file data37.txt (compact mmCIF, C-alpha atoms)
# COMPACT_ATOMS: atom_id res chain seq x y z
CA MET A 576 -22.32 -9.27 37.18
CA SER A 577 -21.70 -12.98 36.49
CA SER A 578 -21.40 -14.46 33.04
CA THR A 579 -24.58 -16.45 33.66
CA VAL A 580 -26.53 -13.26 34.20
CA LYS A 581 -25.02 -11.85 31.01
CA ARG A 582 -25.82 -14.99 29.09
CA THR A 583 -29.48 -14.99 30.02
CA ARG A 584 -29.82 -11.26 29.46
CA LEU A 585 -28.33 -10.78 26.01
CA SER A 586 -30.38 -11.22 22.86
CA PRO A 587 -28.60 -12.94 19.93
CA ASP A 588 -27.94 -9.52 18.34
CA GLU A 589 -26.60 -8.12 21.58
CA ARG A 590 -24.38 -11.18 22.07
CA ARG A 591 -23.05 -10.86 18.53
CA THR A 592 -22.28 -7.19 19.12
CA GLN A 593 -20.64 -8.01 22.46
CA LEU A 594 -18.36 -10.62 20.83
CA ILE A 595 -17.39 -8.28 18.00
CA THR A 596 -16.68 -5.46 20.43
CA LEU A 597 -14.51 -7.75 22.56
CA GLY A 598 -12.65 -8.82 19.43
CA ALA A 599 -12.19 -5.20 18.34
CA GLN A 600 -10.83 -4.32 21.80
CA LEU A 601 -8.23 -7.08 21.49
CA LEU A 602 -7.42 -5.75 18.02
CA ALA A 603 -5.93 -2.67 19.72
CA GLU A 604 -3.37 -4.95 21.39
CA ARG A 605 -2.61 -7.44 18.67
CA ALA A 606 -3.07 -8.42 15.04
CA LEU A 607 -6.32 -9.95 13.76
CA GLU A 608 -4.71 -13.34 13.13
CA ASP A 609 -3.44 -13.47 16.72
CA ILE A 610 -6.86 -13.06 18.34
CA SER A 611 -7.86 -16.31 20.01
CA LEU A 612 -11.51 -17.32 19.78
CA SER A 613 -11.22 -19.19 23.10
CA GLU A 614 -10.06 -15.97 24.78
CA ILE A 615 -12.96 -13.98 23.34
CA ALA A 616 -15.42 -16.65 24.44
CA ALA A 617 -13.92 -16.71 27.94
CA ARG A 618 -14.13 -12.92 28.20
CA ALA A 619 -17.77 -13.05 27.14
CA GLY A 620 -18.43 -15.83 29.64
CA ILE A 621 -19.57 -18.30 26.99
CA SER A 622 -18.10 -21.51 25.62
CA ARG A 623 -15.97 -21.53 22.49
CA GLY A 624 -18.61 -23.74 20.91
CA LEU A 625 -21.35 -21.21 21.56
CA LEU A 626 -19.31 -18.54 19.76
CA PHE A 627 -19.85 -20.57 16.58
CA HIS A 628 -23.56 -20.19 17.14
CA TYR A 629 -23.10 -16.50 16.25
CA PHE A 630 -20.40 -16.80 13.61
CA GLN A 631 -20.10 -19.58 11.05
CA ASN A 632 -16.33 -19.81 11.37
CA LYS A 633 -13.24 -17.95 12.52
CA GLN A 634 -13.00 -16.10 9.18
CA GLU A 635 -16.55 -14.72 9.48
CA PHE A 636 -15.83 -13.56 13.02
CA GLN A 637 -12.57 -11.91 11.91
CA LEU A 638 -14.30 -10.08 9.06
CA ALA A 639 -16.98 -8.83 11.47
CA ILE A 640 -14.17 -7.44 13.66
CA VAL A 641 -12.55 -5.75 10.64
CA ARG A 642 -15.90 -4.19 9.69
CA HIS A 643 -16.33 -2.96 13.24
CA ALA A 644 -12.80 -1.51 13.34
CA ASN A 645 -13.36 0.23 10.00
CA GLY A 646 -16.58 1.72 11.35
CA GLU A 647 -14.74 2.94 14.45
CA LEU A 648 -12.04 4.60 12.35
CA LEU A 649 -14.66 6.36 10.19
CA GLN A 650 -16.53 7.49 13.29
CA ARG A 651 -13.34 8.88 14.82
CA ILE A 652 -12.55 10.97 11.75
CA THR A 653 -16.07 12.34 11.27
CA PRO A 654 -15.53 16.01 10.39
CA ASP A 655 -16.39 18.60 13.03
CA ARG A 656 -18.60 20.93 10.98
CA THR A 657 -18.34 23.74 13.53
CA LEU A 658 -14.78 24.27 12.28
CA PRO A 659 -13.79 26.20 9.16
CA LEU A 660 -12.58 23.90 6.36
CA PRO A 661 -8.79 24.22 6.91
CA GLU A 662 -9.09 23.58 10.67
CA MET A 663 -11.58 20.77 10.00
CA LEU A 664 -9.00 19.04 7.78
CA ARG A 665 -6.23 19.39 10.38
CA ASP A 666 -8.57 18.21 13.14
CA CYS A 667 -9.65 15.12 11.16
CA ILE A 668 -6.05 14.18 10.40
CA ALA A 669 -5.04 14.67 14.05
CA ARG A 670 -7.85 12.34 15.12
CA TYR A 671 -6.78 9.79 12.47
CA ILE A 672 -3.22 9.86 13.90
CA ASP A 673 -4.65 9.40 17.42
CA TYR A 674 -6.80 6.46 16.33
CA VAL A 675 -3.97 4.63 14.58
CA SER A 676 -1.56 5.40 17.45
CA GLU A 677 -4.00 3.82 19.92
CA ASN A 678 -4.46 0.83 17.60
CA ARG A 679 -0.98 0.66 16.10
CA THR A 680 -0.49 -3.11 16.31
CA SER A 681 -3.79 -4.00 14.72
CA TYR A 682 -3.66 -1.16 12.20
CA LEU A 683 -0.17 -2.17 11.06
CA ALA A 684 -1.32 -5.80 10.86
CA LEU A 685 -4.51 -4.93 8.97
CA LEU A 686 -2.69 -2.87 6.35
CA ARG A 687 0.75 -4.53 6.17
CA GLY A 688 0.63 -7.78 8.15
CA PRO A 689 0.69 -11.33 6.77
CA GLY A 690 -3.13 -11.33 6.67
CA SER A 691 -3.39 -7.94 4.93
CA ALA A 692 -3.54 -9.45 1.45
CA ASN A 693 -6.40 -11.79 2.45
CA PRO A 694 -8.86 -11.53 -0.49
CA ASP A 695 -11.75 -11.13 1.97
CA VAL A 696 -10.06 -8.40 4.01
CA VAL A 697 -8.79 -6.29 1.08
CA PRO A 698 -12.27 -5.22 -0.18
CA LEU A 699 -13.31 -4.22 3.36
CA VAL A 700 -10.27 -2.00 3.80
CA ASP A 701 -10.83 -0.62 0.29
CA GLN A 702 -14.42 0.28 1.19
CA THR A 703 -13.10 2.35 4.09
CA ARG A 704 -10.74 4.16 1.73
CA ASP A 705 -13.62 4.93 -0.61
CA ALA A 706 -15.72 6.10 2.36
CA ILE A 707 -12.92 8.54 3.27
CA ILE A 708 -12.87 9.84 -0.32
CA THR A 709 -16.66 10.34 -0.17
CA LEU A 710 -16.21 12.15 3.13
CA ILE A 711 -13.55 14.49 1.69
CA LEU A 712 -15.64 15.23 -1.39
CA ALA A 713 -18.77 15.84 0.71
CA GLU A 714 -16.98 18.47 2.80
CA THR A 715 -15.15 20.11 -0.07
CA PRO A 716 -17.05 22.60 -2.18
CA LEU A 717 -15.83 21.77 -5.66
CA PRO A 718 -15.75 25.15 -7.28
CA THR A 719 -15.63 24.18 -10.92
CA PRO A 720 -18.06 21.87 -12.66
CA ASP A 721 -15.39 20.87 -15.17
CA LEU A 722 -13.09 19.33 -12.62
CA ASP A 723 -12.23 15.91 -13.94
CA ARG A 724 -13.88 13.47 -11.50
CA ALA A 725 -11.87 10.44 -12.65
CA ARG A 726 -8.58 12.27 -12.13
CA LEU A 727 -9.74 13.58 -8.76
CA HIS A 728 -10.80 10.13 -7.54
CA LEU A 729 -7.52 8.59 -8.70
CA ALA A 730 -5.52 11.34 -6.97
CA LEU A 731 -7.47 10.93 -3.73
CA ARG A 732 -6.89 7.15 -3.77
CA GLY A 733 -3.22 7.98 -4.15
CA TRP A 734 -3.35 10.51 -1.34
CA ILE A 735 -4.90 7.97 1.03
CA ALA A 736 -2.06 5.58 0.16
CA PHE A 737 0.34 8.46 0.89
CA VAL A 738 -1.32 9.01 4.29
CA GLU A 739 -1.31 5.30 5.16
CA GLU A 740 2.31 4.78 4.16
CA THR A 741 3.69 7.87 5.91
CA THR A 742 1.62 7.12 9.03
CA LEU A 743 2.61 3.45 9.16
CA THR A 744 6.29 4.34 8.64
CA TRP A 745 5.93 7.01 11.31
CA LEU A 746 4.30 4.56 13.77
CA ARG A 747 7.30 2.23 13.49
CA THR A 748 10.04 4.76 14.32
CA GLU A 749 8.41 8.19 14.91
CA PRO A 750 11.19 9.93 12.95
CA ILE A 751 9.48 13.34 13.24
CA PRO A 752 7.23 14.85 15.96
CA ARG A 753 3.47 14.23 15.76
CA PRO A 754 2.59 17.86 14.84
CA ALA A 755 5.11 17.74 11.96
CA LEU A 756 3.45 14.57 10.64
CA ILE A 757 0.01 16.21 10.80
CA THR A 758 1.35 19.27 8.98
CA LEU A 759 2.93 17.05 6.31
CA LEU A 760 -0.37 15.22 5.73
CA VAL A 761 -2.43 18.45 5.65
CA ASP A 762 0.05 20.17 3.35
CA SER A 763 0.25 17.16 1.04
CA LEU A 764 -3.51 17.31 0.43
CA LEU A 765 -3.41 21.07 -0.14
CA ALA A 766 -0.47 20.64 -2.52
CA LEU A 767 -2.22 17.86 -4.39
CA ALA A 768 -5.41 19.92 -4.60
CA LEU A 769 -3.35 22.72 -6.11
CA THR A 770 -2.12 20.48 -8.90
CA LEU A 771 -5.67 19.24 -9.51
CA ASN A 772 -7.47 22.56 -9.33
CA PRO A 773 -6.25 25.90 -7.90
CA ALA A 774 -9.79 26.89 -6.82
CA LEU A 775 -10.13 23.63 -4.88
CA ALA A 776 -6.83 24.34 -3.12
CA ALA A 777 -8.01 27.86 -2.27
CA ALA A 778 -11.21 26.47 -0.71
CA LEU A 779 -9.26 23.96 1.40
CA ARG A 780 -6.81 26.64 2.47
CA GLY A 781 -9.69 28.88 3.61
CA MET B 652 19.33 -25.73 -30.33
CA SER B 653 18.24 -28.75 -28.35
CA SER B 654 17.89 -28.83 -24.59
CA THR B 655 20.71 -31.37 -24.42
CA VAL B 656 23.08 -28.92 -26.07
CA LYS B 657 21.94 -26.22 -23.62
CA ARG B 658 22.41 -28.49 -20.64
CA THR B 659 25.98 -29.34 -21.44
CA ARG B 660 26.88 -25.77 -22.30
CA LEU B 661 25.66 -23.82 -19.27
CA SER B 662 27.74 -23.36 -16.13
CA PRO B 663 25.83 -23.57 -12.81
CA ASP B 664 25.73 -19.77 -12.63
CA GLU B 665 24.49 -19.51 -16.20
CA ARG B 666 21.84 -22.14 -15.55
CA ARG B 667 20.67 -20.33 -12.44
CA THR B 668 20.44 -17.07 -14.39
CA GLN B 669 18.59 -18.85 -17.21
CA LEU B 670 16.01 -20.28 -14.79
CA ILE B 671 15.48 -16.94 -13.07
CA THR B 672 15.12 -15.18 -16.41
CA LEU B 673 12.56 -17.75 -17.57
CA GLY B 674 10.66 -17.26 -14.32
CA ALA B 675 10.76 -13.49 -14.69
CA GLN B 676 9.45 -13.81 -18.28
CA LEU B 677 6.49 -15.81 -16.99
CA LEU B 678 5.99 -13.17 -14.31
CA ALA B 679 4.91 -10.79 -17.07
CA GLU B 680 2.01 -13.12 -17.83
CA ARG B 681 0.97 -14.25 -14.38
CA ALA B 682 1.41 -13.85 -10.64
CA LEU B 683 4.43 -15.24 -8.82
CA GLU B 684 2.37 -17.87 -6.98
CA ASP B 685 0.98 -19.16 -10.31
CA ILE B 686 4.36 -19.90 -11.86
CA SER B 687 4.84 -23.64 -12.15
CA LEU B 688 8.30 -25.02 -11.48
CA SER B 689 7.63 -27.92 -13.85
CA GLU B 690 6.91 -25.47 -16.65
CA ILE B 691 10.11 -23.52 -15.99
CA ALA B 692 12.11 -26.75 -15.91
CA ALA B 693 10.51 -27.89 -19.18
CA ARG B 694 11.26 -24.57 -20.85
CA ALA B 695 14.88 -24.81 -19.72
CA GLY B 696 15.05 -28.39 -20.98
CA ILE B 697 15.89 -29.81 -17.57
CA SER B 698 14.03 -32.03 -15.13
CA ARG B 699 12.02 -30.55 -12.27
CA GLY B 700 14.36 -32.36 -9.90
CA LEU B 701 17.42 -30.71 -11.40
CA LEU B 702 15.85 -27.29 -10.79
CA PHE B 703 16.18 -28.01 -7.07
CA HIS B 704 19.91 -28.43 -7.64
CA TYR B 705 20.00 -24.66 -8.22
CA PHE B 706 17.36 -23.54 -5.73
CA GLN B 707 16.76 -25.06 -2.31
CA ASN B 708 12.99 -24.84 -2.63
CA LYS B 709 10.15 -23.10 -4.46
CA GLN B 710 10.28 -20.14 -2.07
CA GLU B 711 13.99 -19.50 -2.78
CA PHE B 712 13.32 -19.66 -6.52
CA GLN B 713 10.37 -17.26 -6.20
CA LEU B 714 12.42 -14.75 -4.20
CA ALA B 715 15.19 -14.91 -6.82
CA ILE B 716 12.55 -14.05 -9.45
CA VAL B 717 11.28 -11.11 -7.33
CA ARG B 718 14.85 -9.82 -6.94
CA HIS B 719 15.34 -10.11 -10.69
CA ALA B 720 12.05 -8.29 -11.42
CA ASN B 721 12.96 -5.52 -8.96
CA GLY B 722 16.32 -5.13 -10.69
CA GLU B 723 14.58 -4.93 -14.07
CA LEU B 724 12.23 -2.20 -12.81
CA LEU B 725 15.12 -0.17 -11.40
CA GLN B 726 17.05 -0.58 -14.64
CA ARG B 727 14.04 0.59 -16.67
CA ILE B 728 13.66 3.77 -14.64
CA THR B 729 17.35 4.70 -14.62
CA PRO B 730 17.38 8.47 -15.18
CA ASP B 731 18.54 9.73 -18.57
CA ARG B 732 21.11 12.29 -17.49
CA THR B 733 21.21 13.95 -20.90
CA LEU B 734 17.79 15.44 -20.06
CA PRO B 735 17.19 18.53 -17.91
CA LEU B 736 15.71 17.65 -14.49
CA PRO B 737 12.00 18.28 -15.23
CA GLU B 738 12.11 16.23 -18.47
CA MET B 739 14.18 13.56 -16.73
CA LEU B 740 11.45 13.16 -14.11
CA ARG B 741 8.69 12.91 -16.71
CA ASP B 742 10.75 10.46 -18.77
CA CYS B 743 11.42 8.22 -15.73
CA ILE B 744 7.74 8.16 -14.78
CA ALA B 745 6.71 7.38 -18.36
CA ARG B 746 9.12 4.43 -18.40
CA TYR B 747 7.77 3.26 -15.04
CA ILE B 748 4.23 3.30 -16.48
CA ASP B 749 5.46 1.36 -19.52
CA TYR B 750 7.18 -1.24 -17.35
CA VAL B 751 4.16 -1.85 -15.12
CA SER B 752 1.83 -1.88 -18.13
CA GLU B 753 3.94 -4.61 -19.75
CA ASN B 754 4.04 -6.54 -16.46
CA ARG B 755 0.62 -5.64 -15.13
CA THR B 756 -0.42 -9.09 -13.90
CA SER B 757 2.76 -9.78 -12.02
CA TYR B 758 3.11 -6.21 -10.76
CA LEU B 759 -0.44 -6.21 -9.41
CA ALA B 760 0.16 -9.62 -7.82
CA LEU B 761 3.50 -8.57 -6.33
CA LEU B 762 2.08 -5.43 -4.73
CA ARG B 763 -1.54 -6.39 -4.03
CA GLY B 764 -1.96 -10.12 -4.63
CA PRO B 765 -2.49 -12.84 -2.02
CA GLY B 766 1.29 -13.35 -1.84
CA SER B 767 2.08 -9.63 -1.49
CA ALA B 768 2.12 -9.74 2.32
CA ASN B 769 4.58 -12.67 2.36
CA PRO B 770 7.14 -11.68 5.04
CA ASP B 771 9.98 -12.67 2.69
CA VAL B 772 8.65 -10.69 -0.27
CA VAL B 773 7.78 -7.45 1.61
CA PRO B 774 11.41 -6.50 2.47
CA LEU B 775 12.49 -7.09 -1.15
CA VAL B 776 9.78 -4.77 -2.48
CA ASP B 777 10.63 -2.26 0.27
CA GLN B 778 14.29 -2.31 -0.80
CA THR B 779 13.19 -1.30 -4.29
CA ARG B 780 11.19 1.60 -2.86
CA ASP B 781 14.22 2.76 -0.90
CA ALA B 782 16.38 2.40 -4.02
CA ILE B 783 13.94 4.69 -5.86
CA ILE B 784 14.18 7.26 -3.04
CA THR B 785 17.99 7.10 -3.25
CA LEU B 786 17.71 7.57 -7.00
CA ILE B 787 15.46 10.65 -6.63
CA LEU B 788 17.73 12.19 -3.99
CA ALA B 789 20.84 11.50 -6.07
CA GLU B 790 19.39 13.37 -9.05
CA THR B 791 17.90 16.24 -7.05
CA PRO B 792 20.22 19.02 -6.00
CA LEU B 793 19.03 19.78 -2.47
CA PRO B 794 19.50 23.51 -2.26
CA THR B 795 19.34 23.99 1.50
CA PRO B 796 21.46 22.21 4.06
CA ASP B 797 18.74 22.60 6.70
CA LEU B 798 16.17 20.53 4.82
CA ASP B 799 14.87 18.02 7.32
CA ARG B 800 16.05 14.64 6.00
CA ALA B 801 13.64 12.59 8.14
CA ARG B 802 10.65 14.55 6.87
CA LEU B 803 11.88 14.31 3.29
CA HIS B 804 12.39 10.54 3.49
CA LEU B 805 8.95 10.04 5.04
CA ALA B 806 7.32 12.19 2.37
CA LEU B 807 9.10 10.31 -0.43
CA ARG B 808 7.98 6.95 1.01
CA GLY B 809 4.48 8.39 0.94
CA TRP B 810 4.89 9.61 -2.62
CA ILE B 811 5.99 6.17 -3.80
CA ALA B 812 2.85 4.74 -2.18
CA PHE B 813 0.88 7.45 -4.01
CA VAL B 814 2.50 6.43 -7.32
CA GLU B 815 1.93 2.70 -6.73
CA GLU B 816 -1.71 3.13 -5.70
CA THR B 817 -2.68 5.50 -8.54
CA THR B 818 -0.82 3.34 -11.07
CA LEU B 819 -2.33 0.06 -9.84
CA THR B 820 -5.83 1.61 -9.79
CA TRP B 821 -5.17 2.99 -13.28
CA LEU B 822 -3.97 -0.40 -14.57
CA ARG B 823 -7.28 -1.98 -13.52
CA THR B 824 -9.64 0.40 -15.32
CA GLU B 825 -7.55 3.09 -17.12
CA PRO B 826 -9.97 5.84 -16.01
CA ILE B 827 -7.80 8.59 -17.53
CA PRO B 828 -5.45 8.60 -20.56
CA ARG B 829 -1.81 7.55 -20.04
CA PRO B 830 -0.38 11.11 -20.52
CA ALA B 831 -2.82 12.45 -17.90
CA LEU B 832 -1.61 9.82 -15.43
CA ILE B 833 2.03 10.74 -16.10
CA THR B 834 1.21 14.43 -15.59
CA LEU B 835 -0.59 13.65 -12.32
CA LEU B 836 2.42 11.70 -11.01
CA VAL B 837 4.92 14.38 -12.09
CA ASP B 838 2.78 17.20 -10.67
CA SER B 839 2.20 15.36 -7.41
CA LEU B 840 5.96 15.15 -6.79
CA LEU B 841 6.42 18.83 -7.68
CA ALA B 842 3.52 19.77 -5.38
CA LEU B 843 4.92 17.68 -2.55
CA ALA B 844 8.38 19.17 -3.05
CA LEU B 845 6.80 22.60 -2.78
CA THR B 846 5.35 21.78 0.64
CA LEU B 847 8.70 20.38 1.75
CA ASN B 848 10.95 23.07 0.39
CA PRO B 849 10.19 25.78 -2.19
CA ALA B 850 13.77 25.75 -3.48
CA LEU B 851 13.59 21.99 -4.05
CA ALA B 852 10.39 22.45 -6.04
CA ALA B 853 12.03 25.18 -8.11
CA ALA B 854 14.94 22.84 -8.94
CA LEU B 855 12.59 20.05 -10.02
CA ARG B 856 10.56 22.45 -12.10
CA GLY B 857 13.72 23.65 -13.88
call {"tool": "encode", "arguments": {"input": "data37.txt", "output": "structure tokens"}}
result
Amino acid sequence: MSSTVKRTRLSPDERRTQLITLGAQLLAERALEDISLSEIAARAGISRGLLFHYFQNKQEFQLAIVRHANGELLQRITPDRTLPLPEMLRDCIARYIDYVSENRTSYLALLRGPGSANPDVVPLVDQTRDAIITLILAETPLPTPDLDRARLHLALRGWIAFVEETTLTWLRTEPIPRPALITLLVDSLLALALTLNPALAAALRG
Amino acid sequence: MSSTVKRTRLSPDERRTQLITLGAQLLAERALEDISLSEIAARAGISRGLLFHYFQNKQEFQLAIVRHANGELLQRITPDRTLPLPEMLRDCIARYIDYVSENRTSYLALLRGPGSANPDVVPLVDQTRDAIITLILAETPLPTPDLDRARLHLALRGWIAFVEETTLTWLRTEPIPRPALITLLVDSLLALALTLNPALAAALRG
């Protein structure tokens, strides 16, 4: 399949998606700021100039890649509802560890790299964190109506920071085996739930 | 006390300290990257050019300010050993909240601002996190020799990320009262300790 065939076949939306997907694939190998637009264009069989027909500038293209990567992460950790709640939690966390292990360079760069404090990137990553909180709350039957929502949201934001920091530290040196990391992350949420609301912890524990 | 008097009186070391202290004072009002060297020089009663006699460049001056601020934070949270362990923990966390509340702009900027991913700043902030872990471990009698150190260190790194994220989120909107935040942070460490080692949790709980 030559690039000419591809070029004539793809609609603008398809081409845009193709370019973003190519960018996201490279993101598994390297940090966002190290992805070359010329390389993406070459891989897509188009000129570098034509790439700017689909994205206003490098920044817009990079943000589209971040959005795509965030979507991939969320898709990977979609809860398996055939599992009971405790197993579902462990399964989700195991798949999170797999995803970030496969994408360690780009994940480290996105969360801790020189570009991680980019004011355009930060809100996108924050949206993903909030999506994960929504996901946890959707799967968790909150047993008491009086559970303080503000405190719960704050604690879950903190827990996600806990997960990110332990996982990123783990990715760098793997100081403990993978199953021990998963257990630590599962147990930390159960423990936190216990301090927030014993009934919530009981539900998560099954 | 005129600036001329000051200039003749201070030794190079004293002048350096004075400039860093002035910078750190401004850091309470604004982010590191918004501190003007001309303003610091004016406050010290010296020329902007003379400031570069003490610091090679703006970056070196900024890092000296970060080091100073980190030292201040660590000093503020020095444990009060006259207190029993559970009260000591609560007291340290309360003083941490006070410190970051007083320095909210600079603390937010240092940890989440556009300059927070600066490769020279990151290791300095990380050193402070490790110093806090050392501080916690020094005050906590670890009751079992078989407690897995690698797991404990990883979990404490995660807990510090939990504390930073909840505190920074809290600083932005104060969704819960200050005592509730302190309780959440104390309880989260106790809960985490419980998942790591029941005896450790018992010691922290007193």
call {"tool": "closest_atom_pairs", "arguments": {"input": "data37.txt", "of": "chain B", "to": "chain A", "cutoff": "8 Å", "atoms": "all atoms listed in the file", "output": "JSON lines"}}
result
{"residue": "B:Arg763", "atom": "CA", "partner": "A:Ala692", "partner_atom": "CA", "distance": 6.6}
{"residue": "B:Gly764", "atom": "CA", "partner": "A:Ala692", "partner_atom": "CA", "distance": 6.3}
{"residue": "B:Pro765", "atom": "CA", "partner": "A:Ala692", "partner_atom": "CA", "distance": 5.0}
{"residue": "B:Gly766", "atom": "CA", "partner": "A:Ala692", "partner_atom": "CA", "distance": 7.0}
{"residue": "B:Ser767", "atom": "CA", "partner": "A:Ala692", "partner_atom": "CA", "distance": 6.3}
{"residue": "B:Ala768", "atom": "CA", "partner": "A:Pro689", "partner_atom": "CA", "distance": 4.9}
{"residue": "B:Asn769", "atom": "CA", "partner": "A:Pro689", "partner_atom": "CA", "distance": 6.0}
{"residue": "B:Pro770", "atom": "CA", "partner": "A:Pro689", "partner_atom": "CA", "distance": 6.7}
{"residue": "B:Ala801", "atom": "CA", "partner": "A:Pro750", "partner_atom": "CA", "distance": 6.0}
{"residue": "B:Arg802", "atom": "CA", "partner": "A:Ile751", "partner_atom": "CA", "distance": 6.6}
{"residue": "B:Leu805", "atom": "CA", "partner": "A:Thr741", "partner_atom": "CA", "distance": 5.8}
{"residue": "B:Ala806", "atom": "CA", "partner": "A:Thr741", "partner_atom": "CA", "distance": 6.7}
{"residue": "B:Arg808", "atom": "CA", "partner": "A:Thr741", "partner_atom": "CA", "distance": 6.6}
{"residue": "B:Gly809", "atom": "CA", "partner": "A:Phe737", "partner_atom": "CA", "distance": 4.1}
{"residue": "B:Trp810", "atom": "CA", "partner": "A:Phe737", "partner_atom": "CA", "distance": 5.9}
{"residue": "B:Ile811", "atom": "CA", "partner": "A:Phe737", "partner_atom": "CA", "distance": 7.7}
{"residue": "B:Ala812", "atom": "CA", "partner": "A:Phe737", "partner_atom": "CA", "distance": 5.4}
{"residue": "B:Phe813", "atom": "CA", "partner": "A:Gly733", "partner_atom": "CA", "distance": 4.1}
{"residue": "B:Val814", "atom": "CA", "partner": "A:Gly733", "partner_atom": "CA", "distance": 6.7}
{"residue": "B:Glu815", "atom": "CA", "partner": "A:Gly733", "partner_atom": "CA", "distance": 7.8}
{"residue": "B:Glu816", "atom": "CA", "partner": "A:Gly733", "partner_atom": "CA", "distance": 5.3}
{"residue": "B:Thr817", "atom": "CA", "partner": "A:Gly733", "partner_atom": "CA", "distance": 5.1}
{"residue": "B:Thr820", "atom": "CA", "partner": "A:Leu729", "partner_atom": "CA", "distance": 7.3}
{"residue": "B:Trp821", "atom": "CA", "partner": "A:Leu729", "partner_atom": "CA", "distance": 7.6}
{"residue": "B:Pro826", "atom": "CA", "partner": "A:Ala725", "partner_atom": "CA", "distance": 6.0}
{"residue": "B:Ile827", "atom": "CA", "partner": "A:Arg726", "partner_atom": "CA", "distance": 6.6}
{"residue": "B:Leu835", "atom": "CA", "partner": "A:Ala730", "partner_atom": "CA", "distance": 7.6}
{"residue": "B:Asp838", "atom": "CA", "partner": "A:Thr770", "partner_atom": "CA", "distance": 6.2}
{"residue": "B:Ser839", "atom": "CA", "partner": "A:Leu767", "partner_atom": "CA", "distance": 5.9}
{"residue": "B:Ala842", "atom": "CA", "partner": "A:Ala766", "partner_atom": "CA", "distance": 5.0}
{"residue": "B:Leu843", "atom": "CA", "partner": "A:Ser763", "partner_atom": "CA", "distance": 5.9}
{"residue": "B:Leu845", "atom": "CA", "partner": "A:Ala766", "partner_atom": "CA", "distance": 7.5}
{"residue": "B:Thr846", "atom": "CA", "partner": "A:Asp762", "partner_atom": "CA", "distance": 6.2}
call {"tool": "atom_distance", "arguments": {"input": "data37.txt", "atom1": "atom CA of Leu736 of chain B", "atom2": "atom CA of Leu851 of chain B"}}
result
11.5 Å
call {"tool": "residues_around", "arguments": {"input": "data37.txt", "residues": "segment 742-758 of chain B", "least_positions_apart": "5", "cutoff": "9 Å", "atoms": "all atoms listed in the file", "output": "PyMOL selection string"}}
result
chain B and resi 677-683+723-725+727-731+734+737+763-764+818-819+822-823+829-830+832-833+836-837
call {"tool": "closest_residue", "arguments": {"input": "data37.txt", "among": "B:Ile787, B:Ala760, B:Ala675, B:Leu855", "to": "Phe712 of chain B", "atoms": "all atoms listed in the file"}}
result
B:Ala675
call {"tool": "atom_distance", "arguments": {"input": "data37.txt", "atom1": "atom CA of Ile610 of chain A", "atom2": "atom CA of Asp701 of chain A"}}
result
22.3 Å
call {"tool": "atom_distance", "arguments": {"input": "data37.txt", "atom1": "atom CA of Glu684 of chain B", "atom2": "atom CA of Gln713 of chain B"}}
result
8.1 Å
call {"tool": "decode", "arguments": {"input": "data37.txt", "residues": "segment 721-752 of chain A", "atoms": "C-alpha atoms", "output": "compact mmCIF listing (two decimals), in the first residue's frame"}}
result
# COMPACT_ATOMS: atom_id res chain seq x y z
CA ASP A 721 -23.86 11.79 54.68
CA LEU A 722 -20.43 10.98 53.34
CA ASP A 723 -18.70 14.30 52.87
CA ARG A 724 -18.28 14.66 49.08
CA ALA A 725 -15.70 17.45 49.30
CA ARG A 726 -13.50 15.41 51.62
CA LEU A 727 -13.93 12.32 49.45
CA HIS A 728 -12.99 14.17 46.26
CA LEU A 729 -9.94 15.72 47.93
CA ALA A 730 -8.83 12.34 49.26
CA LEU A 731 -9.25 10.69 45.85
CA ARG A 732 -7.20 13.45 44.19
CA GLY A 733 -4.55 12.70 46.78
CA TRP A 734 -4.79 8.97 46.17
CA ILE A 735 -4.27 9.44 42.43
CA ALA A 736 -1.15 11.49 43.22
CA PHE A 737 -0.08 8.61 45.50
CA VAL A 738 -0.60 6.12 42.65
CA GLU A 739 1.24 8.29 40.11
CA GLU A 740 4.20 8.95 42.39
CA THR A 741 4.66 5.36 43.56
CA THR A 742 4.24 4.06 40.00
CA LEU A 743 6.65 6.58 38.48
CA THR A 744 9.22 5.88 41.21
CA TRP A 745 8.69 2.16 40.65
CA LEU A 746 9.12 2.52 36.86
CA ARG A 747 12.55 4.11 37.37
CA THR A 748 14.10 1.40 39.57
CA GLU A 749 11.47 -1.36 40.15
CA PRO A 750 12.46 -1.64 43.83
CA ILE A 751 9.69 -4.17 44.55
CA PRO A 752 8.05 -6.86 42.35
